[in-house]
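Engineer: Input file: target17.txt. Contents: compact mmCIF, C-alpha atoms.
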```
# COMPACT_ATOMS: atom_id res chain seq x y z
CA MET X 85 26.01 28.32 -26.13
CA GLU X 86 23.84 25.32 -26.80
CA ALA X 87 22.08 23.07 -24.29
CA LYS X 88 20.66 19.62 -24.92
CA VAL X 89 18.45 17.85 -22.39
CA TYR X 90 17.88 14.10 -22.16
CA GLN X 91 15.27 12.54 -19.84
CA LYS X 92 16.12 9.05 -18.61
CA ARG X 93 14.10 6.41 -16.78
CA LEU X 94 15.15 3.44 -14.70
CA THR X 95 13.62 0.99 -12.26
CA SER X 96 15.23 0.27 -8.93
CA THR X 97 14.94 -3.30 -7.75
CA LYS X 98 16.09 -2.88 -4.14
CA GLU X 99 15.28 -0.50 -1.30
CA PHE X 100 18.90 0.74 -1.35
CA GLN X 101 20.63 0.46 -4.67
CA MET X 102 23.62 2.07 -6.35
CA ILE X 103 23.07 2.00 -10.10
CA VAL X 104 26.02 2.90 -12.32
CA ILE X 105 24.93 5.22 -15.14
CA THR X 106 28.38 6.29 -16.40
CA ASP X 107 28.08 4.67 -19.82
CA GLU X 108 24.66 6.23 -20.33
CA VAL X 109 26.05 9.69 -19.57
CA LYS X 110 29.11 9.19 -21.81
CA LYS X 111 26.87 8.06 -24.66
CA VAL X 112 24.60 11.08 -24.33
CA VAL X 113 27.55 13.48 -24.33
CA GLU X 114 28.94 11.93 -27.51
CA GLU X 115 25.53 11.99 -29.21
CA SER X 116 24.88 15.60 -28.20
CA GLY X 117 27.37 17.00 -30.71
CA ILE X 118 28.64 19.46 -28.13
CA LYS X 119 32.42 19.60 -28.19
CA ASN X 120 33.34 21.79 -25.25
CA GLY X 121 31.30 22.63 -22.17
CA MET X 122 29.88 20.71 -19.27
CA CYS X 123 27.48 17.93 -18.44
CA LEU X 124 24.96 18.05 -15.61
CA VAL X 125 23.31 14.91 -14.24
CA VAL X 126 20.40 15.52 -11.84
CA THR X 127 17.75 13.33 -10.27
CA HIS X 128 14.07 14.33 -10.28
CA HIS X 129 13.31 12.87 -6.86
CA THR X 130 13.82 13.64 -3.18
CA THR X 131 14.62 10.12 -1.99
CA THR X 132 17.30 9.40 -4.56
CA GLY X 133 20.71 10.88 -5.25
CA ILE X 134 23.40 11.31 -7.85
CA THR X 135 26.90 10.66 -6.64
CA VAL X 136 30.37 9.83 -7.94
CA ASN X 137 32.65 7.17 -6.58
CA GLU X 138 34.68 4.10 -7.41
CA ALA X 139 32.54 1.23 -8.62
CA LEU X 140 34.03 -1.47 -6.43
CA PRO X 141 31.66 -3.74 -4.51
CA CYS X 142 33.53 -3.01 -1.29
CA VAL X 143 33.24 0.74 -1.73
CA GLU X 144 29.59 0.44 -2.63
CA LYS X 145 28.98 -1.63 0.51
CA ASP X 146 30.82 0.94 2.63
CA MET X 147 28.69 3.71 1.17
CA GLU X 148 25.57 1.75 2.09
CA ILE X 149 26.82 0.90 5.58
CA THR X 150 27.86 4.49 6.23
CA LEU X 151 24.54 5.91 5.14
CA GLU X 152 22.65 3.31 7.17
CA ARG X 153 24.74 4.22 10.21
CA LEU X 154 24.17 7.94 9.79
CA VAL X 155 20.50 7.51 8.92
CA PRO X 156 19.05 4.54 10.81
CA LYS X 157 15.82 2.98 9.65
CA ASP X 158 14.40 3.04 13.15
CA TYR X 159 14.38 6.55 14.55
CA PRO X 160 11.55 8.85 15.71
CA TYR X 161 11.47 10.82 12.46
CA VAL X 162 8.95 13.65 12.14
CA HIS X 163 8.04 12.62 8.59
CA THR X 164 6.02 9.62 9.81
CA HIS X 165 2.37 10.54 9.58
CA MET X 166 -0.56 10.67 7.18
CA LEU X 167 -0.01 13.31 4.51
CA PRO X 168 -3.26 15.11 3.65
CA THR X 169 -2.01 16.04 0.20
CA TYR X 170 -1.09 12.48 -0.75
CA GLY X 171 -3.62 10.53 1.29
CA THR X 172 -0.82 8.14 2.08
CA CYS X 173 1.49 7.69 5.04
CA SER X 174 4.96 9.19 5.00
CA HIS X 175 7.33 6.43 5.94
CA ASN X 176 10.40 7.20 3.88
CA SER X 177 12.23 9.77 5.97
CA PRO X 178 15.51 7.80 5.83
CA GLY X 179 15.42 8.20 2.05
CA HIS X 180 14.94 11.95 2.33
CA MET X 181 17.82 12.25 4.81
CA LYS X 182 20.20 10.23 2.62
CA CYS X 183 19.23 12.41 -0.31
CA MET X 184 20.11 15.47 1.75
CA LEU X 185 23.52 14.08 2.71
CA VAL X 186 24.57 12.83 -0.71
CA GLY X 187 23.08 15.47 -2.98
CA ASN X 188 21.03 15.36 -6.14
CA HIS X 189 23.49 16.03 -8.99
CA CYS X 190 26.98 15.93 -10.41
CA ILE X 191 28.83 17.98 -13.03
CA PHE X 192 31.67 16.96 -15.36
CA PRO X 193 33.60 18.82 -18.05
CA VAL X 194 33.09 18.03 -21.72
CA ILE X 195 36.20 18.42 -23.87
CA ASP X 196 36.57 17.41 -27.51
CA GLY X 197 33.11 15.87 -27.42
CA LYS X 198 33.92 13.48 -24.57
CA LEU X 199 32.99 13.34 -20.91
CA VAL X 200 36.13 14.05 -18.90
CA ILE X 201 35.96 11.59 -16.01
CA GLY X 202 38.68 10.02 -13.90
CA HIS X 203 39.54 6.37 -14.43
CA ALA X 204 38.29 5.44 -10.97
CA GLN X 205 35.19 7.59 -11.18
CA ASP X 206 31.74 6.28 -11.92
CA ILE X 207 28.44 8.10 -11.81
CA TYR X 208 25.73 6.53 -9.68
CA PHE X 209 22.00 6.96 -9.55
CA ALA X 210 21.44 6.17 -5.88
CA GLU X 211 18.10 4.73 -4.76
CA TYR X 212 17.21 5.12 -1.07
CA ASP X 213 13.49 4.36 -1.20
CA GLY X 214 13.06 1.49 -3.63
CA LEU X 215 11.60 -0.29 -5.33
CA GLN X 216 10.41 2.48 -7.62
CA GLN X 217 10.23 3.66 -11.20
CA ARG X 218 12.54 6.67 -11.40
CA ARG X 219 13.64 9.51 -13.69
CA TYR X 220 16.78 11.59 -14.00
CA MET X 221 18.00 14.22 -16.44
CA ILE X 222 21.24 14.74 -18.34
CA GLU X 223 21.91 18.21 -19.69
CA VAL X 224 24.91 18.85 -21.95
CA MET X 225 25.81 22.54 -22.27
CA GLY X 226 28.47 24.17 -24.43
CA GLU X 227 29.33 24.68 -28.04
CA MET C 147 1.63 -18.28 2.69
CA VAL C 148 1.45 -14.49 3.05
CA ILE C 149 -1.87 -12.81 2.27
CA ASP C 150 -2.64 -9.08 2.30
CA VAL C 151 -6.38 -8.88 3.02
CA HIS C 152 -6.87 -5.15 2.63
CA THR C 153 -5.89 -3.31 -0.55
CA HIS C 154 -7.58 -0.86 -2.89
CA PRO C 155 -6.89 -1.46 -6.59
CA LEU C 156 -8.67 1.68 -7.76
CA LEU C 157 -5.58 3.26 -9.34
CA PHE C 158 -4.55 0.19 -11.38
CA ASN C 159 -3.96 1.17 -14.98
CA ILE C 160 -6.15 -1.57 -16.45
CA ILE C 161 -9.26 -0.17 -14.74
CA THR C 162 -8.30 3.51 -14.72
CA GLU C 163 -7.80 4.20 -18.39
CA SER C 164 -9.16 7.74 -18.59
CA ASP C 165 -7.73 10.73 -16.73
CA GLU C 166 -11.24 11.76 -15.71
CA VAL C 167 -11.79 8.44 -13.91
CA LEU C 168 -8.38 8.70 -12.29
CA GLU C 169 -9.11 12.17 -10.92
CA TYR C 170 -12.56 11.11 -9.69
CA ARG C 171 -11.11 8.18 -7.79
CA LYS C 172 -8.24 10.17 -6.33
CA ASN C 173 -10.64 12.80 -5.01
CA GLN C 174 -13.09 10.23 -3.65
CA MET C 175 -10.32 8.42 -1.78
CA GLY C 176 -8.31 11.50 -0.75
CA LEU C 177 -5.33 10.17 -2.71
CA TYR C 178 -4.81 13.59 -4.25
CA LEU C 179 -1.17 13.40 -5.34
CA SER C 180 -1.14 9.72 -6.23
CA GLY C 181 -0.84 8.52 -9.79
CA ARG C 182 -2.00 5.67 -11.97
CA MET C 183 -0.42 2.36 -10.93
CA ASP C 184 0.87 -0.20 -13.39
CA ILE C 185 -0.59 -3.56 -12.42
CA ASP C 186 2.52 -5.41 -13.59
CA TRP C 187 4.60 -3.23 -11.29
CA ASP C 188 2.23 -4.04 -8.42
CA LEU C 189 2.68 -7.74 -9.10
CA TYR C 190 6.44 -7.23 -9.15
CA LEU C 191 6.25 -5.47 -5.76
CA MET C 192 4.16 -8.33 -4.39
CA LYS C 193 6.76 -10.81 -5.51
CA ASP C 194 9.57 -8.74 -4.02
CA ALA C 195 7.70 -8.49 -0.71
CA LYS C 196 6.99 -12.25 -0.80
CA ILE C 197 3.26 -11.61 -0.59
CA ASP C 198 1.50 -14.54 -2.25
CA LYS C 199 -2.03 -13.20 -2.53
CA THR C 200 -3.78 -9.86 -2.21
CA VAL C 201 -7.43 -9.12 -1.53
CA ILE C 202 -8.71 -6.30 -3.73
CA LEU C 203 -11.79 -4.40 -2.58
CA GLY C 204 -14.63 -3.05 -4.67
CA GLN C 205 -16.36 0.17 -3.62
CA ASP C 206 -19.95 1.13 -4.42
CA TYR C 207 -21.61 4.27 -3.03
CA SER C 208 -23.58 4.91 -6.18
CA ALA C 209 -26.82 5.92 -4.44
CA ASP C 210 -25.10 9.28 -3.90
CA ASP C 211 -24.23 10.23 -7.45
CA GLY C 212 -25.07 7.26 -9.63
CA ARG C 213 -21.41 6.45 -10.07
CA ILE C 214 -19.65 3.32 -8.78
CA LEU C 215 -16.17 4.01 -7.44
CA VAL C 216 -14.75 0.55 -8.23
CA SER C 217 -17.28 -1.79 -9.82
CA ASN C 218 -17.58 -5.53 -9.45
CA ASP C 219 -16.79 -5.96 -13.13
CA GLU C 220 -13.58 -3.99 -12.64
CA ILE C 221 -12.66 -6.17 -9.67
CA LYS C 222 -13.29 -9.22 -11.86
CA LYS C 223 -11.05 -7.72 -14.56
CA VAL C 224 -8.17 -7.36 -12.10
CA VAL C 225 -8.68 -10.88 -10.74
CA ASP C 226 -8.67 -12.28 -14.27
CA TYR C 227 -5.40 -10.50 -14.99
CA SER C 228 -3.63 -12.64 -12.39
CA PRO C 229 -6.02 -15.05 -10.67
CA GLU C 230 -3.29 -16.75 -8.69
CA HIS C 231 -2.46 -13.43 -7.00
CA PHE C 232 -5.68 -11.43 -6.69
CA ILE C 233 -8.76 -12.28 -4.61
CA GLY C 234 -11.72 -10.10 -5.51
CA PHE C 235 -14.27 -8.71 -3.06
CA ALA C 236 -17.50 -7.31 -4.44
CA SER C 237 -19.22 -4.19 -3.25
CA VAL C 238 -22.83 -3.09 -3.49
CA ASP C 239 -24.65 -0.03 -2.23
CA PRO C 240 -27.32 -1.28 0.22
CA ARG C 241 -29.30 1.90 -0.44
CA ASN C 242 -29.93 0.80 -4.03
CA GLU C 243 -32.94 -1.37 -4.79
CA ASN C 244 -30.85 -3.74 -6.90
CA ALA C 245 -28.24 -4.40 -4.17
CA VAL C 246 -29.29 -8.03 -3.60
CA ASP C 247 -29.42 -8.79 -7.32
CA GLU C 248 -26.03 -7.19 -7.88
CA LEU C 249 -24.48 -9.14 -5.02
CA ASN C 250 -25.84 -12.40 -6.38
CA ARG C 251 -24.51 -11.49 -9.82
CA ALA C 252 -21.09 -10.72 -8.35
CA PHE C 253 -20.99 -14.17 -6.77
CA ASP C 254 -22.73 -16.20 -9.51
CA GLU C 255 -21.51 -14.60 -12.72
CA LEU C 256 -18.27 -12.95 -11.65
CA GLY C 257 -17.17 -15.52 -9.08
CA LEU C 258 -16.04 -12.95 -6.54
CA THR C 259 -14.95 -14.22 -3.14
CA GLY C 260 -16.62 -11.91 -0.62
CA LEU C 261 -18.30 -8.59 0.08
CA HIS C 262 -16.74 -5.27 1.11
CA LEU C 263 -18.82 -2.55 2.76
CA ASN C 264 -17.80 0.83 4.15
CA VAL C 265 -20.71 1.93 6.32
CA SER C 266 -18.97 5.21 7.13
CA ARG C 267 -18.95 6.19 3.49
CA LEU C 268 -22.48 4.83 3.04
CA HIS C 269 -23.67 6.83 6.05
CA ILE C 270 -25.64 3.90 7.43
CA PHE C 271 -25.29 2.17 10.77
CA PRO C 272 -24.47 -1.56 10.91
CA ASP C 273 -27.93 -2.36 12.30
CA ASP C 274 -29.59 -0.80 9.27
CA PRO C 275 -32.21 -3.27 7.94
CA ARG C 276 -31.00 -2.70 4.40
CA LEU C 277 -27.87 -4.65 5.31
CA TRP C 278 -29.75 -7.73 6.49
CA PRO C 279 -30.58 -9.32 3.12
CA LEU C 280 -26.94 -8.96 2.10
CA MET C 281 -25.77 -10.61 5.31
CA GLU C 282 -28.23 -13.45 4.77
CA ILE C 283 -26.79 -14.10 1.32
CA CYS C 284 -23.21 -14.05 2.55
CA GLU C 285 -23.92 -16.30 5.51
CA LYS C 286 -25.91 -18.77 3.42
CA ARG C 287 -23.24 -18.92 0.72
CA ASN C 288 -20.29 -18.86 3.13
CA LYS C 289 -18.95 -15.62 1.65
CA PRO C 290 -16.82 -13.51 4.01
CA VAL C 291 -17.57 -9.81 4.56
CA ILE C 292 -14.95 -7.13 5.12
CA PHE C 293 -16.41 -4.13 6.92
CA HIS C 294 -14.59 -0.89 7.29
CA SER C 295 -14.51 -0.18 11.04
CA GLY C 296 -13.27 2.82 13.00
CA TYR C 297 -11.39 5.72 11.51
CA SER C 298 -11.23 6.25 7.76
CA TRP C 299 -8.91 8.59 5.90
CA LYS C 300 -11.36 8.74 3.02
CA PRO C 301 -13.35 12.00 2.76
CA ASN C 302 -17.00 12.03 3.82
CA THR C 303 -16.70 9.07 6.20
CA PRO C 304 -17.97 9.88 9.71
CA ALA C 305 -16.52 7.31 12.10
CA LYS C 306 -19.70 7.19 14.20
CA TYR C 307 -21.23 4.77 11.69
CA ALA C 308 -18.38 2.29 11.99
CA ARG C 309 -17.76 1.97 15.69
CA PRO C 310 -16.88 -1.71 16.20
CA ILE C 311 -19.42 -2.41 18.93
CA LEU C 312 -22.21 -1.48 16.52
CA PHE C 313 -21.45 -4.59 14.47
CA GLU C 314 -22.38 -6.86 17.37
CA ASP C 315 -26.00 -7.12 16.20
CA ILE C 316 -24.77 -8.62 12.92
CA ALA C 317 -22.51 -11.07 14.77
CA CYS C 318 -25.46 -12.16 16.91
CA ALA C 319 -27.96 -12.42 14.06
CA PHE C 320 -25.58 -14.21 11.68
CA PRO C 321 -23.38 -16.43 13.84
CA ASN C 322 -22.01 -18.35 10.85
CA LEU C 323 -21.11 -15.23 8.88
CA LYS C 324 -17.36 -14.67 8.65
CA MET C 325 -16.70 -10.95 8.95
CA CYS C 326 -13.64 -8.77 9.33
CA LEU C 327 -13.81 -5.53 11.31
CA SER C 328 -10.92 -3.94 9.52
CA HIS C 329 -8.31 -1.43 10.70
CA LEU C 330 -8.53 -2.96 14.21
CA GLY C 331 -11.39 -0.49 14.57
CA PHE C 332 -8.93 2.32 15.31
CA PRO C 333 -9.21 4.03 17.76
CA TRP C 334 -11.69 1.56 19.31
CA TRP C 335 -9.35 -1.46 19.19
CA ASN C 336 -10.56 -2.61 22.61
CA GLU C 337 -14.08 -3.04 21.21
CA VAL C 338 -12.66 -5.09 18.35
CA ILE C 339 -10.79 -7.31 20.81
CA MET C 340 -14.02 -8.00 22.65
CA MET C 341 -15.68 -8.99 19.37
CA LEU C 342 -12.76 -11.22 18.39
CA MET C 343 -12.87 -13.10 21.65
CA LYS C 344 -16.63 -13.43 21.90
CA TYR C 345 -17.64 -14.29 18.33
CA PRO C 346 -15.89 -17.20 16.58
CA ASN C 347 -16.35 -15.79 13.08
CA VAL C 348 -15.26 -12.20 13.71
CA TYR C 349 -11.79 -11.23 12.47
CA THR C 350 -9.77 -8.04 12.12
CA ASP C 351 -6.87 -6.81 9.99
CA THR C 352 -3.74 -4.77 10.58
CA ALA C 353 -4.55 -2.01 8.09
CA THR C 354 -4.43 0.41 10.99
CA ILE C 355 -1.19 2.35 10.71
CA TYR C 356 -2.05 6.05 10.66
CA MET C 357 1.09 7.37 12.32
CA ASP C 358 4.73 6.55 13.02
CA THR C 359 6.70 3.80 11.30
CA SER C 360 5.03 0.41 10.99
CA ALA C 361 7.40 -1.19 13.52
CA ARG C 362 6.93 1.55 16.09
CA TYR C 363 3.18 1.67 15.55
CA PHE C 364 2.64 -2.07 15.96
CA ASP C 365 4.99 -2.14 18.94
CA GLN C 366 2.97 0.61 20.61
CA LEU C 367 -0.37 -1.03 19.82
CA PHE C 368 0.36 -4.65 20.62
CA THR C 369 2.98 -4.40 23.38
CA LYS C 370 2.13 -1.16 25.18
CA ASP C 371 -1.51 -0.26 24.57
CA MET C 372 -2.28 -3.93 25.08
CA ASN C 373 -0.29 -6.87 26.40
CA ILE C 374 1.43 -8.88 23.68
CA ASN C 375 0.16 -12.06 25.34
CA TRP C 376 -3.41 -10.94 24.69
CA LEU C 377 -2.60 -11.21 21.00
CA GLN C 378 -0.59 -14.41 21.35
CA ASN C 379 -2.92 -16.28 23.64
CA SER C 380 -6.41 -14.83 23.24
CA PHE C 381 -6.97 -13.82 19.63
CA ALA C 382 -4.01 -15.02 17.61
CA ASP C 383 -6.42 -16.81 15.27
CA LYS C 384 -8.33 -13.64 14.45
CA VAL C 385 -5.81 -11.03 13.26
CA MET C 386 -4.93 -10.88 9.55
CA PHE C 387 -2.23 -8.91 7.79
CA GLY C 388 -3.65 -6.01 5.78
CA SER C 389 -1.63 -3.16 4.34
CA ASN C 390 -4.29 -0.64 3.27
CA SER C 391 -2.34 -0.14 0.03
CA PRO C 392 -1.96 2.37 -1.58
CA ARG C 393 -1.99 4.33 1.67
CA TRP C 394 0.83 2.12 2.90
CA ARG C 395 3.37 0.14 0.93
CA PRO C 396 2.65 -3.52 1.70
CA VAL C 397 6.32 -4.43 2.08
CA ARG C 398 6.80 -1.82 4.81
CA ALA C 399 3.58 -2.65 6.63
CA LEU C 400 4.60 -6.30 6.61
CA ALA C 401 8.05 -5.42 7.96
CA GLY C 402 6.43 -3.98 11.09
CA ILE C 403 4.40 -7.14 11.61
CA LYS C 404 7.52 -9.28 11.31
CA GLU C 405 9.18 -7.33 14.12
CA LEU C 406 6.45 -8.13 16.63
CA PRO C 407 7.82 -10.12 19.58
CA VAL C 408 5.51 -13.09 19.07
CA ARG C 409 5.95 -16.83 18.61
CA GLU C 410 6.63 -18.06 15.10
CA ASP C 411 3.29 -19.87 14.92
CA VAL C 412 1.46 -16.66 15.81
CA LEU C 413 3.36 -14.73 13.16
CA GLU C 414 2.45 -17.31 10.52
CA LYS C 415 -1.22 -17.02 11.47
CA ILE C 416 -1.21 -13.24 11.20
CA MET C 417 0.68 -13.17 7.92
CA GLY C 418 -1.56 -15.64 6.14
CA GLY C 419 -2.88 -18.59 8.09
CA ASN C 420 -5.89 -16.77 9.48
CA ALA C 421 -6.67 -15.22 6.10
CA MET C 422 -6.68 -18.66 4.49
CA ARG C 423 -9.39 -19.74 6.92
CA PHE C 424 -11.32 -16.47 6.56
CA LEU C 425 -11.23 -16.62 2.78
CA GLY C 426 -12.06 -20.28 2.61
CA ILE C 427 -8.73 -21.23 1.05
CA LYS C 428 -8.49 -23.99 3.62
CA GLU C 429 -11.15 -25.58 5.79
CA ASP C 430 -11.30 -25.14 9.56
```
I need this file expressed as structure tokens, please.

Structural biologist:
Amino acid sequence: MEAKVYQKRLTSTKEFQMIVITDEVKKVVEESGIKNGMCLVVTHHTTTGITVNEALPCVEKDMEITLERLVPKDYPYVHTHMLPTYGTCSHNSPGHMKCMLVGNHCIFPVIDGKLVIGHAQDIYFAEYDGLQQRRYMIEVMGE
Amino acid sequence: MVIDVHTHPLLFNIITESDEVLEYRKNQMGLYLSGRMDIDWDLYLMKDAKIDKTVILGQDYSADDGRILVSNDEIKKVVDYSPEHFIGFASVDPRNENAVDELNRAFDELGLTGLHLNVSRLHIFPDDPRLWPLMEICEKRNKPVIFHSGYSWKPNTPAKYARPILFEDIACAFPNLKMCLSHLGFPWWNEVIMMLMKYPNVYTDTATIYMDTSARYFDQLFTKDMNINWLQNSFADKVMFGSNSPRWRPVRALAGIKELPVREDVLEKIMGGNAMRFLGIKED
């Protein structure tokens, strides 16, 4: 089995932002040369997520509203204090909680050198703590 | 206009080119896990937060180890990168014999706007006679001074040197000197309030969030620890927005200020109007 790893960067421009990365993932799979296997997409951060859903503005808005309802900005979070290791104040607990709920990765099959993805499915890099310069990884595994 | 009067540019990429300098600064400031910051990204964040201008603070404690933490020339370099956005404050070490000459150079040759001093890190009290010549220069030239006051997160900074009441001798001796007792003097905010009310040229900033979210912290401080009408009616002209970046993201610190239950005119003063007067951007 062969595995190819691709590091990707992006910049979020809003505090909460759903960024479609489907085409980027499809392109990487096709360039990898791997015909059959699987593709893993994973974020490197703890206040971002990787998720799959339908890229309609209404669905995206519902995802945002739902996460905001489950994880309010104003709540007596524990992670709101000076962090001795950073020397900065922790004030991004909502981002950590959204990351926990949504998850940090997705996996799709690769067949005949193509990403096998449903017609209504898109892959999102989800930002919960923007604006920031971010990284994620695509790994294509197979033969 | 929105002005952030309290930021530290020491991790900006254009003045932190070597990894050795970066590590030195991180250790000196206790910003251990922070990284180099792209100045263009910082400007982008300012724009996104609708912050028009940012005061950047120099830091000089070179009598200790012969090394300046953030030099006046580096402050000038950052100001020159985007002069419409950055306002540079010089720093000198009063323990050095050349402190007066360096301050004059910072004003005359570099065109810096004011002076920043952290007496906690310098380990000198505000009534130390070595400060007097510097205060004379700033008063004579109408250059504002930002003093660290109260608690500091920076290593090697005993708070006893920066208790707000200790700055009263300077306020008495230099009545025309505009000075900011930053961080609301935390935890001695009541001493800062006394200074604000008594001395016309004493200001403070809101770079004081050391716990909780910004909204909850400011709500506790201004509406519970004190009466919100004290702020609105007694010293609304003396409090300036300061984020303490990079310890706090300016956009989030500002969000807490905006949630204060104060009149719109008071909010405008805190966010920028008072800073314009303090910095000499507009006349009294």

Engineer: Using only C-alpha atoms, which protein or nucleic acid residues come within 9 Å of Ser116 (chain X)? Drop anything in the same chain fewer than 6 positions from it, and give the result as number ranges by chain.

Structural biologist: X: 87-89, 197, 224

Engineer: Identify the residues within 10 Å of coordinate (0.6, -15.0, 11.5) (same frame as the file), considering only C-alpha atoms, and give the answer as a PyMOL selection string.

Structural biologist: chain C and resi 147-149+378+382-387+403-404+408-421

Engineer: Considering all atoms listed in the file, state which residue in the set C:Pro290, C:Pro279, C:Gly212, C:Pro392 is at the smallest distance from Leu157 (chain C).

Structural biologist: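 Among the listed residues, C:Pro392 lies closest to Leu157 (chain C).
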
Engineer: Compute the chain X side of the contact with chain C at 9 Å, counting all atoms listed in the file, and hand it back as a list in words.

Structural biologist: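 Residues passing the distance filter: Thr97, Lys98, Asp158, Tyr159, Pro160, Tyr161, Val162, His163, Thr164, His165, Met166, Pro168, Thr169, Tyr170, Gly171, Thr172, Cys173, Ser174, His175, Asn176, Leu215, Gln216 and Gln217 of chain X.
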
Engineer: Emit as AutoDock Vina command-line options the padded axis-aligned box for all listed atoms of region 181-194 of chain X, 6 Å per side, with centre and edge lengths in Å to one decimal.

Structural biologist:
```
--center_x 25.7 --center_y 14.5 --center_z -8.5 --size_x 27.8 --size_y 20.6 --size_z 38.5
```

Engineer: List the spatial neighbours of Glu99 (chain X) as number ranges by chain - criterion: any atom at most 6 Å away, only C-alpha atoms, same-chain residues fewer than 5 positions off excluded.

Structural biologist: X: 212-215

Engineer: In Å to one decimal, how far is CA of Ile191 (chain X) from CA of His203 (chain X)?

Structural biologist: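 Answer for the CA of His203 (chain X) to CA of Ile191 (chain X) separation: 15.9 Å.
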
Engineer: Would you kindly return, as a PyMOL selection string, each protein, DNA or RNA residue with an atom no farther than 7 Å from any atom of region 119-136 of chain X, considering all atoms listed in the file and excluding same-chain residues fewer than 5 positions away?

Structural biologist: chain X and resi 179-180+183+186-197+205-213+219-227

Engineer: Which distance in Å separates CA of Thr259 (chain C) and CA of Ile311 (chain C), to one decimal?

Structural biologist: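 CA of Ile311 (chain C) lies 25.4 Å from CA of Thr259 (chain C).
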
Engineer: Which residues come within 7 Å of region 315-329 of chain C, counting only C-alpha atoms, excluding same-chain residues fewer than 3 positions away, as a list in words?

Structural biologist: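 My list of contacting residues is Asp273, Cys284, Glu285, Asn288, Pro290, Val291, Ile292, Phe293, His294, Ser295, Gly296, Pro310, Leu312, Phe332, Tyr345, Asn347, Val348, Tyr349, Thr350, Asp351, Thr352, Ala353, Thr354 and Phe424 of chain C.
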